[in-house]
Amino acid sequence: MADLTSNFIGIKSPNPFWLASAPPTDKEYNVRRAFEAGWGGVVWKTLGEEGPPVVNVNGPRYGAIFGADRRLLGLNNIELITDRPLRQNLEEIARVKKDYPDRAIIVSLMVPCEEEAWKTILPVVEATGADGIELNFGCPHGMAERGMGSAVGQVPEYIEMVTRWCKQYCSLPVIVKLTPNITDIRKPAEAAMRGGADAVSLINTINSITSVDLDAMSPEPMIDGKGTHGGYCGPAVKPIALNMVAEIARNAETAKLPISGIGGVTTWRDAAEFIALGCGNVQVCTAVMTYGFKIVEEMIAGLSQWMDEKGYTSVDQFVGMAVPNVTDWQYLNLNFITKAVINQDDCIKCGRCYAACEDTSHQAIEMSADRVFSVKDDECVACNLCVNVCPVDGCITMKELPAGEIDLRTGTAVTDEYGNWTAHPNNPSQSTCAPGAD
């Protein structure tokens with residue numbers, strides 16, 4: 001059976017599934033329940049400096065985007081860092097770590113961008129016995145307006161400076177949490193690396209307004225008639241997170257920088273995708289807030305079974321395996337040709353493929369009088385829109401045409417023995433001299 005034991009930058013945990021810094025990790029009660037459910041580690045909800053308490057709103061804190069079946073796709077929050085006293089959090093962290101020595105406990109931190117503030121808080125955090133710290137340079141709301149969170153994460157010089165302070169005044173591993181609210185994610189990652197970071201974690205939440213109340217004419221969630229931007233997370237942000245992870249993993253300057261993946265991880269498959277793109281572990285938040293702590297049981301079982309089927313005995317064996325296959329558009333093989341194929345036995349004759357292709361694409365699907373849908377190979381450009389709009393999984397597939405294969409509809413070779421087009425895929429009457437020629 002696959003061994004899910006994780007050793008991420010020297011921090012050991014029984015599996016690579018950690019809870020992200022968020023409401024599920026706000027207190028001892030929650031974290032103990034999480035560990036009993038099977039989570040390998042937690043990043044404790046962000047602590048701030050000792051002083052005036054953080055005050056959260058006493059109204060709705062979340063906005064949501066739902067699918068047609070009311071499945072939660074995205075969650076927007078306007079909650080700040082912990083509003084519980086620093087000393088109380090530190091005492092709870094120490095107790096939990098003592099009782100669960102085999103689980104990873106990382107402490108998320110956010111204090112003003114001043115050396116003395118970091119110099120003060122780091123020793124008291126280290127004294128808890130925690131395994132590491134995570135620098136919250138990503139929160140896009142509330143704290144950013146105070147010069148913290150993403151206000152730091154958007155300035156590479158600040159990232160490097162604060163990371164350097166943390167490495168100077170603390171012996172714990174330092175993970176830098178990056179904001180996605182930036183043009184090029186590689187720059188802050190490089191800055192963290194220059195500052196001595198042991199790893200980065202990403203992505204933090206995306207700046208967003210999820211909806212507007214059209215009666216009150218206010219963004220939601222609404223507090224006494226007003227709304228504000230918040231941080232967006234959940235399954236909907238996973239594609240953005242995967243891309244940013246891949247950009248760091250394939251960047252020559254940061255290729256060896258360990259990554260903790262965050263952003264819409266809901267199933268074991270999501271986790272495996274992050275790991276394949278270079279993450280040593282993953283952090284989860286929205287899925288737990290939707291389904292509860294025990295979702296980790298499915299994640300553990302699913303990842304274990306998949307690894308057994310693939311012959312992987314440890315998670316490390318497939319970390320980053322997909323990275324070499326991430327490339328830029330200009331390096332894609334323009335001689336690779338596929339065509340859509342409709343399985344008539346599975347077709348329910350809904351006509352979605354026909355409507356989508358006829359109205360918005362390349363008119364490559366025809367409909368007979370008795371509603372039988374078929375693909376016109378000479379018009380099909382293999383965009384695969386029909387595959388994506390079809391409600392029946394596997395009904396429409398894309399068939400690769402090997403070099404020299406004959407198009408049965410036209411009786412002509414689509415590609416020669418070298419894989420080069422003998423006819424332009426958009427118009428068979430046009431010859432193609434070179435990939436990309438028009």
# chains A, B, ... in the order shown; residues from 1 in each chain; ligands from 1
$ select_by_dssp --residues "region 85-332 of chain A" --states "strand (DSSP E)" --output "PyMOL selection string"
chain A and resi 104-109+132-136+174-177+199-202+206-208+211-213+218-220+230-233+259-262+279-284
$ residues_around --residues "Leu135 (chain A)" --least-positions-apart "6" --cutoff "6 Å" --atoms "only C-alpha atoms" --output "list in words"
Ser108, Leu109, Val176 and Lys177 of chain A
$ closest_residue --among "A:Cys233, A:Leu75, A:Leu242, A:Ile209" --to "Glu273 (chain A)" --atoms "only C-alpha atoms"
A:Leu242
$ residues_around --residues "Arg194 (chain A)" --least-positions-apart "4" --cutoff "9 Å" --atoms "only C-alpha atoms" --output "mmCIF file with N, CA and C atoms, in the first residue's frame"
data_model
loop_
_atom_site.group_PDB
_atom_site.id
_atom_site.type_symbol
_atom_site.label_atom_id
_atom_site.label_comp_id
_atom_site.auth_asym_id
_atom_site.auth_seq_id
_atom_site.Cartn_x
_atom_site.Cartn_y
_atom_site.Cartn_z
ATOM 1 N N GLU A 160 11.208 40.073 0.315
ATOM 2 C CA GLU A 160 12.591 39.681 0.593
ATOM 3 C C GLU A 160 13.044 40.193 1.954
ATOM 4 N N THR A 163 11.161 38.319 4.914
ATOM 5 C CA THR A 163 11.624 36.935 4.955
ATOM 6 C C THR A 163 13.016 36.862 5.577
ATOM 7 N N ARG A 164 13.858 37.808 5.231
ATOM 8 C CA ARG A 164 15.215 37.837 5.774
ATOM 9 C C ARG A 164 15.192 38.060 7.292
ATOM 10 N N ALA A 189 7.944 35.084 -5.810
ATOM 11 C CA ALA A 189 8.579 33.811 -5.455
ATOM 12 C C ALA A 189 10.094 33.951 -5.456
ATOM 13 N N GLU A 190 10.614 34.644 -6.450
ATOM 14 C CA GLU A 190 12.057 34.873 -6.509
ATOM 15 C C GLU A 190 12.516 35.723 -5.334
#
$ atom_distance --atom1 "CA of Gln283 (chain A)" --atom2 "CA of Glu91 (chain A)"
23.6 Å
$ residues_around --residues "Gly261 (chain A)" --least-positions-apart "4" --cutoff "6 Å" --atoms "only C-alpha atoms" --output "list in words"
Ser201, Leu202, Cys279 and Val282 of chain A
$ residues_around --residues "region 361-378 of chain A" --least-positions-apart "3" --cutoff "7 Å" --atoms "only C-alpha atoms" --output "JSON, numbers by chain"
{"A": [339, 340, 341, 342, 349, 354, 356, 357, 358, 425, 428]}
$ closest_residue --among "A:Ile295, A:Leu86, A:Ala104, A:Val389" --to "Gly41 (chain A)" --atoms "only C-alpha atoms"
A:Ala104
$ closest_residue --among "A:Gly129, A:Pro101, A:Pro85, A:Pro324" --to "Gly40 (chain A)" --atoms "only C-alpha atoms"
A:Pro101
$ closest_residue --among "A:Lys119, A:Arg352, A:Arg87, A:Lys45" --to "Tyr169 (chain A)" --atoms "only C-alpha atoms"
A:Lys119
$ residues_around --residues "region 325-333 of chain A" --least-positions-apart "5" --cutoff "9 Å" --atoms "only C-alpha atoms" --output "PyMOL selection string"
chain A and resi 246-247+250+277+435
$ write_last_selection --atoms "C-alpha atoms" --output "mmCIF file, in the first residue's frame"
data_model
loop_
_atom_site.group_PDB
_atom_site.id
_atom_site.type_symbol
_atom_site.label_atom_id
_atom_site.label_comp_id
_atom_site.auth_asym_id
_atom_site.auth_seq_id
_atom_site.Cartn_x
_atom_site.Cartn_y
_atom_site.Cartn_z
ATOM 1 C CA ALA A 246 3.378 25.655 -12.577
ATOM 2 C CA GLU A 247 4.911 29.052 -13.379
ATOM 3 C CA ARG A 250 9.130 25.666 -14.315
ATOM 4 C CA LEU A 277 2.853 20.290 -10.921
ATOM 5 C CA PRO A 435 3.008 24.451 -39.324
#
